[in-house]
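What follows is a short report on a single structure.
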2 protein chains.
Amino acid sequence: MSGRKGSRMGKVVIGLDFGTNSCRSLVVDAASGRELASHVFPYPSGRAGVITDPADPNVARQDPADYLLAIEATIRQGLKKAGAARRGFSADDVIGIGVDTTGSSPMPLDADGQALCFTKKFRNNPAAMVWLWKDHSGFEEAAQVTALAAKLRPHYLAKIGGTYSSEWWWSKILHCKNTAPDVFAAAASWAEICDWIPAVLTGELSPARMKRGICAAGHKAMFNEQWGGLPDRDFLEALSPGLGALRGRLYSEALPAEQAAGRISPAWARKLGLPDGVVIAVGAFDAHMGAVGAGIAEGTLVKILGTSTCDIMVAPRRRELKDIPGVCGIVDGSVMSGYYGIEAGQSAVGDIFLWFIQNLVPDSFGKTQDERFRSLQRAAARLAPGESGLLALDWNNGNRTVLVDVRLSGLLLGQTLHTKPHEIYRALVEATAFGALAIIDRIEEYGVAIREVVNCGGLAAKNPLLLQIYADVTGRPMNISRSEQTPALGAAMFAAVAAGEKAGGHATIERARDAMTRPGKKFLPIERNHAVYRKLYALYRQLHDGFGTPSWQGGMFNVMKDLLAIRDEVRRGKTCSSS
Amino acid sequence: MSGRKGSRMGKVVIGLDFGTNSCRSLVVDAASGRELASHVFPYPSGRAGVITDPADPNVARQDPADYLLAIEATIRQGLKKAGAARRGFSADDVIGIGVDTTGSSPMPLDADGQALCFTKKFRNNPAAMVWLWKDHSGFEEAAQVTALAAKLRPHYLAKIGGTYSSEWWWSKILHCKNTAPDVFAAAASWAEICDWIPAVLTGELSPARMKRGICAAGHKAMFNEQWGGLPDRDFLEALSPGLGALRGRLYSEALPAEQAAGRISPAWARKLGLPDGVVIAVGAFDAHMGAVGAGIAEGTLVKILGTSTCDIMVAPRRRELKDIPGVCGIVDGSVMSGYYGIEAGQSAVGDIFLWFIQNLVPDSFGKTQDERFRSLQRAAARLAPGESGLLALDWNNGNRTVLVDVRLSGLLLGQTLHTKPHEIYRALVEATAFGALAIIDRIEEYGVAIREVVNCGGLAAKNPLLLQIYADVTGRPMNISRSEQTPALGAAMFAAVAAGEKAGGHATIERARDAMTRPGKKFLPIERNHAVYRKLYALYRQLHDGFGTPSWQGGMFNVMKDLLAIRDEVRRGKTCSSS
């Protein structure tokens, strides 16, 4: 509260959240976490920022040039808005910038650490761009990684729930090697965009010196200090001759996001209108930083509720944590230093409701999708748990946690000749709640207690019925994060820690959390409802285990798989006979 | 072809088909089966002929006065139309009338055999009217009959698939005794309307002399000559003290419909403009006479496809026929003399499609129900078997055959985020086809071969996709009956046999069939489709046995039942707390 110019606002941090279709800046008061201004920049390239391939629906790429435009636009506009909205605000008070991004979204680099697609030779070559998280073109390579690790390095798999994903780092790099060998050969190194963007801002792009975050490294690249960092050279070479040599051109150290990647380069400081010395924090993924922005703590599960969910927990490092079968990832420090970060998730949540509303709800519920959604909500809210007699499985897009099986499908049971759309809608919401509880149960079985849940993401804000059902099903309080921009807020909080207490930030991420986040609306479980849901959950588990686990006595394990096999065979036959 | 007046048309028979909402006459050339004219009379009473009770949705009654109006209107108008349409037609050539009705639809009689509700005391008393087939108010009494028979007379149950239905004779009479004891006490006797209407026409109404048909007696009243007719007095007395005394006021003989109940009374002959001596055949149920009108023969299953199905077969009496578990009824002579009549059925077929179209199909498929139905058909017809990856159980209204369990419910499995309404529609059609095959399989296991199927009813006429799927699933030809009025045609055929060959009719029902029916359109199984459906049927059976049979290893038997129990408990709780 000194008289210095601009000091009336206290120090300021900026979170930069790089999403799938746009980038957002959030300008935040470092002391209180108050959100001063925000600006969103939609990526100009491709279709809403995503470059696809008509010949292969699995392809999803991104042009990193969009990120450079986004940094400039979002920070400049964010600062401008903050200045307009807040008396005494000055860009000179900015002490740090944090970066969160989607992931695993790796891209190949040239020898200087620039994007390979910036070079003349590879300009407009999608293989030289960012391989966006939802690019699944490496699904065969993923199966290869899983199979080889199961044979040679089972401990690699134990930390990632047993199955390596087509969305992840090595699947993508290996698919690039197999299908675009010129790009693979020209790549001096590779980086996750959550590591590359901070490096851009600091100017420290050289691959050998580029700071890498533990979040991406641990969750997606099987980096673990237990086995000396990345998977060993022999393993990579066995995976694909020539891949082993890449290992030495990657990284051997991975840092938590509380650390600084460096200070802003003079060029970027000028371009953005920021003072010299602004600290750039090590980057991490949106879900992980979002969990921190939502106020994660021991015993709190943070659920990012959207088309699918990402579930993040922390377990203090002082206690031993066993591998948890079926849970996507356990990485020391990936969320906060001193804690194991635990990542799980449901393959489809909002996507299931959207599918239902778009395909199976008549116009008597409303003409637009929004009207239909609101009518369904109203009607579904009037039902008591168990009243419809319906029960569903939430597997329309497979099961990511705890079964880790994409060859599963949806199930609806209990319909009569009187069943109405809003009853099915409620059953689908309940199914996702049961899926959430199955994850909680699995994690608790391995000694990590979950006492409450903080929800963020689009669905949390607009679906109070869903949150009450989640509270009633899980028997746990459901909070909504106060901020609607938890990833950007989390990124800003890491910036505050990386800048440090002396500079006007915070000493630890726990202190930043206590100062910069506060609880939002809370839904408490209603015991009468929970009692009914306990019975329904037992039936859900019967179906879940019956159709989802081979060892279960039920002997239904084959049904969904056989149906998918028949479907695939018929579709192949139809394609062949029509071509 | 003599020169006698009116003989140019040959002899004529009339079928009278008493449905749920209306009665139809069909005037038929006795030699060729050619349909000369038809007239429909909607019942004037109640709502479309059905008298309901706002306080009890299980109640469905009918006023027999409607039948008297219907006989006069339909026969007079039918004859008038035939005269107008056909040169040389004369009512004097009518040699017989056959009657088919819904059932079990019993009503109490006074000492003269008149409807008890025609007496002053019981006029407008629904308990004294016809207890229509779909009246389920006796569901508790039905359970009582099943339980007592299982304990004391298991052989009674063996012929009716193991479970006595709330739709049947004794459930209704017992419920009348329990809830309208004055009506029960005043009833000199009871009659199925398929027996009462022929008695009206002959004037032989006296309960002691009224001719009763074996179809209703055997299928609904547990009448069997093996145990001396109706259930014995001790059993009835054990069921309810005082019920035993009724037995002696009912009947001890039951006749096949080839026999004459008598000749038309002079009063009715005058009223209808018919010659003296017209033979009135013994009555039977619509499904059974419809099966004959559809051309039933050994090895042919007749399927009456509507909201639900009724499946009728015959097995020659010369071979021993074991009881078939889960099959609704086996009665000697109930369809044709010399054959066991076998009755089975699916609880919901058209009703499932209607439920889906009315509730879960968006307007993009069409504004009206008909438009939606046609778009679904077109889109579903373009799918190959197995292509959608979906599989359903057809239990939205329980399972009548072979599980005989109303505490079952629907199931849909295999949906993804891309599943479309027409795919679900096709899966529902396939589910009913699998249900049909489960019935065929069960009957064949007990030695009755089924080589082809003749389909009649509304769905058969308007749903070629369904018939092709049924052919492909069952691997058997699916025929459509040529006549759209098979029950009335069957009734006319029985009239021709009851009148006899000398009078210009036929000597046996087989001869009448060969002369008066001919095959309609036929759908042949396509081997490539059948091969896929064999695989899908194996999966259907896995679900069918897993959820439908307690002894199956699957251990899913409880799921649907527990859900229904929870539902009922919640609904009871909601009613109590809101009242």
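All residue names refer to the structure tokens as shown: chains lettered A, B, ... in order, residues numbered from 1 in each chain, ligands numbered from 1 in order.
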Practice task
Write out as a count of residues only every residue belonging to chain B that has an atom at most 7 Å from any atom of chain A, counting only C-alpha atoms.
Solution key: 36
Practice task
Please give the complete set of residues from stretch 460-553 of chain B that DSSP, run on the backbone, assigns to strand (DSSP E or B), formatted as number ranges by chain.
Solution key: B: 478-481, 519-523
Written selection (C-alpha atoms) as a PDB file, in the first residue's frame:
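Generated file (result_28.pdb):
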```pdb
ATOM      1  CA  MET B 478     -42.706 -65.166 -43.641  1.00  0.00           C
ATOM      2  CA  ASN B 479     -46.053 -65.092 -45.401  1.00  0.00           C
ATOM      3  CA  ILE B 480     -48.684 -62.422 -45.126  1.00  0.00           C
ATOM      4  CA  SER B 481     -52.206 -63.762 -44.984  1.00  0.00           C
ATOM      5  CA  PRO B 519     -51.298 -67.750 -49.787  1.00  0.00           C
ATOM      6  CA  GLY B 520     -50.416 -64.057 -49.798  1.00  0.00           C
ATOM      7  CA  LYS B 521     -47.109 -62.283 -50.237  1.00  0.00           C
ATOM      8  CA  LYS B 522     -44.039 -64.199 -49.042  1.00  0.00           C
ATOM      9  CA  PHE B 523     -40.688 -62.960 -47.638  1.00  0.00           C
TER      10      PHE B 523
END
```
For B:Asn399, find every residue with an atom within 9 Å (counting only C-alpha atoms), except residues of its own chain fewer than 6 positions away, and show them as a PDB file with all heavy atoms, in the first residue's frame.
```
ATOM      1  N   GLY B 345     -47.341 -66.087 -27.215  1.00  0.00           N
ATOM      2  CA  GLY B 345     -47.497 -64.678 -27.558  1.00  0.00           C
ATOM      3  C   GLY B 345     -46.391 -63.818 -27.001  1.00  0.00           C
ATOM      4  O   GLY B 345     -45.718 -64.186 -26.037  1.00  0.00           O
ATOM      5  N   GLN B 346     -46.207 -62.674 -27.625  1.00  0.00           N
ATOM      6  CA  GLN B 346     -45.234 -61.684 -27.158  1.00  0.00           C
ATOM      7  C   GLN B 346     -46.004 -60.507 -26.557  1.00  0.00           C
ATOM      8  O   GLN B 346     -46.931 -59.989 -27.173  1.00  0.00           O
ATOM      9  CB  GLN B 346     -44.362 -61.229 -28.335  1.00  0.00           C
ATOM     10  CG  GLN B 346     -43.496 -62.358 -28.867  1.00  0.00           C
ATOM     11  CD  GLN B 346     -42.691 -61.950 -30.096  1.00  0.00           C
ATOM     12  OE1 GLN B 346     -43.058 -62.257 -31.219  1.00  0.00           O
ATOM     13  NE2 GLN B 346     -41.594 -61.259 -29.885  1.00  0.00           N
ATOM     14  N   SER B 347     -45.578 -60.094 -25.366  1.00  0.00           N
ATOM     15  CA  SER B 347     -46.333 -59.082 -24.614  1.00  0.00           C
ATOM     16  C   SER B 347     -46.390 -57.738 -25.300  1.00  0.00           C
ATOM     17  O   SER B 347     -47.311 -56.959 -25.064  1.00  0.00           O
ATOM     18  CB  SER B 347     -45.695 -58.870 -23.243  1.00  0.00           C
ATOM     19  OG  SER B 347     -45.461 -60.078 -22.618  1.00  0.00           O
ATOM     20  N   ALA B 348     -45.379 -57.418 -26.088  1.00  0.00           N
ATOM     21  CA  ALA B 348     -45.383 -56.116 -26.767  1.00  0.00           C
ATOM     22  C   ALA B 348     -44.568 -56.235 -28.037  1.00  0.00           C
ATOM     23  O   ALA B 348     -43.433 -56.724 -28.014  1.00  0.00           O
ATOM     24  CB  ALA B 348     -44.797 -55.032 -25.872  1.00  0.00           C
ATOM     25  N   ASP B 405     -43.195 -63.811 -17.349  1.00  0.00           N
ATOM     26  CA  ASP B 405     -42.748 -62.980 -16.234  1.00  0.00           C
ATOM     27  C   ASP B 405     -43.056 -61.522 -16.569  1.00  0.00           C
ATOM     28  O   ASP B 405     -42.486 -60.955 -17.492  1.00  0.00           O
ATOM     29  CB  ASP B 405     -41.236 -63.189 -16.038  1.00  0.00           C
ATOM     30  CG  ASP B 405     -40.721 -62.568 -14.750  1.00  0.00           C
ATOM     31  OD1 ASP B 405     -41.423 -61.718 -14.163  1.00  0.00           O
ATOM     32  OD2 ASP B 405     -39.616 -62.942 -14.332  1.00  0.00           O
ATOM     33  N   VAL B 406     -43.972 -60.929 -15.809  1.00  0.00           N
ATOM     34  CA  VAL B 406     -44.279 -59.518 -16.067  1.00  0.00           C
ATOM     35  C   VAL B 406     -43.261 -58.601 -15.403  1.00  0.00           C
ATOM     36  O   VAL B 406     -43.172 -57.425 -15.755  1.00  0.00           O
ATOM     37  CB  VAL B 406     -45.706 -59.118 -15.596  1.00  0.00           C
ATOM     38  CG1 VAL B 406     -46.762 -59.875 -16.389  1.00  0.00           C
ATOM     39  CG2 VAL B 406     -45.871 -59.365 -14.103  1.00  0.00           C
ATOM     40  N   ARG B 407     -42.484 -59.132 -14.454  1.00  0.00           N
ATOM     41  CA  ARG B 407     -41.509 -58.284 -13.756  1.00  0.00           C
ATOM     42  C   ARG B 407     -40.194 -58.268 -14.521  1.00  0.00           C
ATOM     43  O   ARG B 407     -39.115 -58.562 -13.982  1.00  0.00           O
ATOM     44  CB  ARG B 407     -41.290 -58.768 -12.322  1.00  0.00           C
ATOM     45  CG  ARG B 407     -42.554 -58.801 -11.473  1.00  0.00           C
ATOM     46  CD  ARG B 407     -43.106 -57.432 -11.151  1.00  0.00           C
ATOM     47  NE  ARG B 407     -42.379 -56.788 -10.055  1.00  0.00           N
ATOM     48  CZ  ARG B 407     -42.662 -55.568  -9.620  1.00  0.00           C
ATOM     49  NH1 ARG B 407     -43.635 -54.847 -10.186  1.00  0.00           N
ATOM     50  NH2 ARG B 407     -41.970 -55.024  -8.632  1.00  0.00           N
ATOM     51  N   LEU B 408     -40.280 -57.934 -15.773  1.00  0.00           N
ATOM     52  CA  LEU B 408     -39.106 -57.752 -16.607  1.00  0.00           C
ATOM     53  C   LEU B 408     -39.254 -56.399 -17.286  1.00  0.00           C
ATOM     54  O   LEU B 408     -40.338 -55.828 -17.295  1.00  0.00           O
ATOM     55  CB  LEU B 408     -38.993 -58.874 -17.641  1.00  0.00           C
ATOM     56  CG  LEU B 408     -38.730 -60.273 -17.082  1.00  0.00           C
ATOM     57  CD1 LEU B 408     -38.857 -61.324 -18.167  1.00  0.00           C
ATOM     58  CD2 LEU B 408     -37.358 -60.362 -16.412  1.00  0.00           C
ATOM     59  N   SER B 409     -38.203 -55.899 -17.886  1.00  0.00           N
ATOM     60  CA  SER B 409     -38.291 -54.583 -18.513  1.00  0.00           C
ATOM     61  C   SER B 409     -37.363 -54.541 -19.717  1.00  0.00           C
ATOM     62  O   SER B 409     -36.619 -55.487 -19.985  1.00  0.00           O
ATOM     63  CB  SER B 409     -37.939 -53.507 -17.488  1.00  0.00           C
ATOM     64  OG  SER B 409     -36.669 -53.753 -16.928  1.00  0.00           O
ATOM     65  N   GLY B 435     -37.357 -62.383 -30.055  1.00  0.00           N
ATOM     66  CA  GLY B 435     -38.383 -62.896 -29.141  1.00  0.00           C
ATOM     67  C   GLY B 435     -39.256 -63.935 -29.837  1.00  0.00           C
ATOM     68  O   GLY B 435     -39.609 -64.973 -29.258  1.00  0.00           O
ATOM     69  N   GLY B 548     -33.321 -63.176 -17.521  1.00  0.00           N
ATOM     70  CA  GLY B 548     -34.662 -63.748 -17.452  1.00  0.00           C
ATOM     71  C   GLY B 548     -34.800 -65.039 -16.685  1.00  0.00           C
ATOM     72  O   GLY B 548     -35.922 -65.445 -16.382  1.00  0.00           O
TER      73      GLY B 548
END
```
Problem - Selection near A:Arg247, 10 Å with only C-alpha atoms, sequence-local residues under 6 positions removed, as a list in words - result: Ser189, Leu230, Pro231, Asp232, Arg233, Leu236 and Glu237 of chain A
Practice task
Assign secondary structure with DSSP using the backbone only, and return the residues of stretch 2-130 of chain B in helix (DSSP H, G or I) as a ChimeraX atom specification.
Solution key: /B:7-9,65-85,91-93,116-118,126-128
